[in-house]
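*Asks:* Structure file target.txt (compact mmCIF, C-alpha atoms) is given on the next line.
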# COMPACT_ATOMS: atom_id res chain seq x y z
CA MET A 13 -50.20 -2.05 -31.45
CA LYS A 14 -47.57 -4.55 -30.42
CA LYS A 15 -44.17 -3.43 -29.12
CA ARG A 16 -41.36 -4.50 -31.39
CA ARG A 17 -38.69 -4.47 -28.73
CA TYR A 18 -37.81 -8.14 -28.93
CA ASN A 19 -39.32 -8.81 -32.31
CA ILE A 20 -37.02 -6.69 -34.44
CA LYS A 21 -37.05 -7.70 -38.07
CA ASP A 22 -34.09 -5.67 -39.31
CA LYS A 23 -31.49 -5.64 -36.54
CA MET A 24 -28.99 -3.55 -38.52
CA ALA A 25 -31.57 -0.84 -39.18
CA TYR A 26 -32.48 -0.77 -35.50
CA PHE A 27 -28.80 -0.59 -34.50
CA ASN A 28 -28.15 2.28 -36.92
CA LYS A 29 -31.19 4.17 -35.61
CA VAL A 30 -30.03 3.79 -31.98
CA LYS A 31 -26.51 4.87 -32.95
CA LYS A 32 -27.86 7.91 -34.80
CA ASN A 33 -29.94 8.91 -31.74
CA MET A 34 -26.90 8.55 -29.49
CA ASP A 35 -24.80 10.66 -31.85
CA CYS A 36 -27.49 13.35 -31.89
CA LYS A 37 -27.63 13.45 -28.10
CA GLU A 38 -23.83 13.65 -27.94
CA LYS A 39 -23.78 16.52 -30.43
CA ILE A 40 -26.39 18.40 -28.40
CA LYS A 41 -24.35 17.90 -25.24
CA GLN A 42 -21.14 19.03 -26.94
CA SER A 43 -22.80 22.13 -28.39
CA GLU A 44 -24.08 23.08 -24.91
CA ILE A 45 -20.58 22.69 -23.51
CA GLU A 46 -19.05 24.78 -26.30
CA LYS A 47 -21.72 27.45 -25.89
CA ASN A 48 -20.88 27.90 -22.19
CA GLU A 49 -17.14 27.41 -22.51
CA ILE A 50 -14.79 30.38 -22.17
CA SER A 51 -11.19 30.25 -23.30
CA ILE A 52 -8.55 30.77 -20.61
CA GLU A 53 -6.87 33.47 -22.68
CA ASP A 54 -10.19 35.35 -22.98
CA ARG A 55 -10.51 35.67 -19.22
CA PRO A 56 -8.40 38.56 -17.88
CA ILE A 57 -8.45 37.18 -14.35
CA CYS A 58 -6.81 33.95 -15.46
CA SER A 59 -4.18 35.66 -17.57
CA ASP A 60 -3.21 37.86 -14.60
CA PHE A 61 -3.16 34.81 -12.37
CA LEU A 62 -0.93 32.85 -14.74
CA ASP A 63 1.54 35.73 -14.94
CA ASN A 64 1.80 36.03 -11.15
CA PHE A 65 1.60 32.30 -10.37
CA ASP A 66 4.32 31.01 -8.04
CA LEU A 67 4.38 27.21 -8.09
CA ASP A 68 6.77 26.98 -5.12
CA LYS A 69 4.48 29.10 -2.96
CA GLU A 70 1.41 27.14 -4.09
CA LEU A 71 3.04 23.83 -3.14
CA ALA A 72 4.26 25.23 0.17
CA ASP A 73 0.73 26.34 1.04
CA ARG A 74 -0.61 22.82 0.48
CA ASN A 75 1.86 21.18 2.87
CA LEU A 76 1.94 21.82 6.62
CA LEU A 77 5.75 22.00 6.66
CA GLY A 78 6.06 23.60 3.21
CA TRP A 79 6.38 27.12 4.58
CA ILE A 80 9.79 26.22 5.99
CA ASP A 81 11.23 25.88 2.48
CA MET A 82 9.98 29.40 1.72
CA ILE A 83 12.19 30.98 4.42
CA GLU A 84 14.58 33.24 2.53
CA ASP A 85 17.13 33.81 5.29
CA GLN A 86 19.62 30.95 4.94
CA LYS A 87 20.57 30.86 8.64
CA LEU A 88 16.97 30.81 9.80
CA HIS A 89 16.06 28.20 7.20
CA ALA A 90 18.93 25.94 8.28
CA ALA A 91 18.07 26.41 11.96
CA VAL A 92 14.40 25.53 11.50
CA LYS A 93 15.21 22.59 9.20
CA SER A 94 17.61 21.18 11.82
CA LEU A 95 14.77 20.84 14.34
CA PRO A 96 13.04 17.47 14.81
CA ILE A 97 9.84 16.99 12.80
CA GLU A 98 7.69 17.24 15.93
CA GLU A 99 9.06 20.69 16.69
CA GLN A 100 8.73 21.78 13.04
CA THR A 101 5.10 20.66 13.16
CA LEU A 102 4.47 22.65 16.33
CA LEU A 103 5.97 25.75 14.69
CA SER A 104 3.83 25.11 11.61
CA TYR A 105 0.69 25.06 13.70
CA ILE A 106 1.71 28.37 15.28
CA PHE A 107 2.97 30.29 12.24
CA LYS A 108 1.16 28.72 9.28
CA GLU A 109 -2.15 27.64 10.79
CA CYS A 110 -2.26 30.48 13.38
CA PHE A 111 -3.24 28.20 16.25
CA THR A 112 -3.09 29.66 19.74
CA GLN A 113 -1.27 27.94 22.58
CA THR A 114 -4.67 27.02 24.01
CA ASP A 115 -5.65 25.38 20.71
CA LEU A 116 -2.40 23.44 20.67
CA ALA A 117 -2.84 22.40 24.30
CA TYR A 118 -6.18 20.86 23.31
CA ILE A 119 -4.67 19.13 20.25
CA TYR A 120 -1.68 17.76 22.17
CA ASN A 121 -3.81 16.95 25.23
CA THR A 122 -1.65 19.00 27.59
CA THR A 123 -1.71 22.39 29.30
CA GLN A 124 -1.16 25.79 27.74
CA GLN A 125 1.81 26.32 30.06
CA ASN A 126 3.44 23.15 28.74
CA ILE A 127 2.98 24.36 25.14
CA SER A 128 4.49 27.70 26.13
CA LYS A 129 7.55 25.94 27.56
CA LYS A 130 7.92 23.81 24.42
CA THR A 131 7.72 26.82 22.12
CA ASN A 132 10.24 28.76 24.23
CA ASN A 133 12.61 25.78 24.08
CA ILE A 134 12.22 25.65 20.30
CA PHE A 135 12.89 29.38 19.96
CA ASN A 136 15.99 29.03 22.15
CA LYS A 137 17.25 26.18 19.94
CA ILE A 138 16.80 28.38 16.87
CA LYS A 139 18.65 31.27 18.59
CA ASN A 140 21.50 28.91 19.52
CA LYS A 141 21.78 27.75 15.91
CA PHE A 142 22.16 31.40 14.84
CA VAL A 143 24.96 31.91 17.36
CA GLU A 144 26.75 28.71 16.22
CA ARG A 145 26.62 29.77 12.57
CA GLU A 146 27.91 33.27 13.30
CA GLU A 147 30.98 31.96 15.16
CA PHE A 148 32.34 30.17 12.08
Let me see the structure of the file written as structure tokens.

*Replies:*
Amino acid sequence: MKKRRYNIKDKMAYFNKVKKNMDCKEKIKQSEIEKNEISIEDRPICSDFLDNFDLDKELADRNLLGWIDMIEDQKLHAAVKSLPIEEQTLLSYIFKECFTQTDLAYIYNTTQQNISKKTNNIFNKIKNKFVEREEF
């Protein structure tokens, strides 16, 4: 029997048959999706999550410096925000990412003692900002 791939007599009939097969496959796929699909409202975990969802906290967690905006104490927030970006980043590695001074020494290609001095200087700057704000 000869293949009729290139020798199609009724091209419209062939086209309609191919289209019908494609539609059937699409319907099968869609029914499989619908069969396994669960509504968000039907899932208690999601409804609890949506009620307790804090967009600000979620965005802060995605950004290295985002935690700074979550500081509730206005004086502390202003003091940390007034620091240069490099120092804010160093604080973020310490407080948000929980890096040790040894880890930071490796990242910054310096000694642990040097990182300790830098962090102490940063903490002193923050303390000084508190004192400045309280004098006014």

*Asks:* As an exercise, work out the distance from CA of Gln125 in chain A to CA of Glu98 in chain A in Å and give it to one decimal place.

*Replies:*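 These atoms are spaced 17.8 Å apart.
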
*Asks:* So which residues fall inside 9 Å of (15.3, 24.0, 19.5) if we count only C-alpha atoms? Mind giving them as an NGL selection string?

*Replies:* :A and (91-92 or 94-96 or 99 or 130-141)

*Asks:* Could you check how far CA of Leu102 in chain A sits from CA of His89 in chain A, in Å to one decimal?

*Replies:*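 A separation of 15.8 Å between them.
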
*Asks:* Just to confirm, what's the straight-line distance from CA of Phe142 in chain A to CA of Tyr105 in chain A in Å (one decimal)?

*Replies:* 22.4 Å
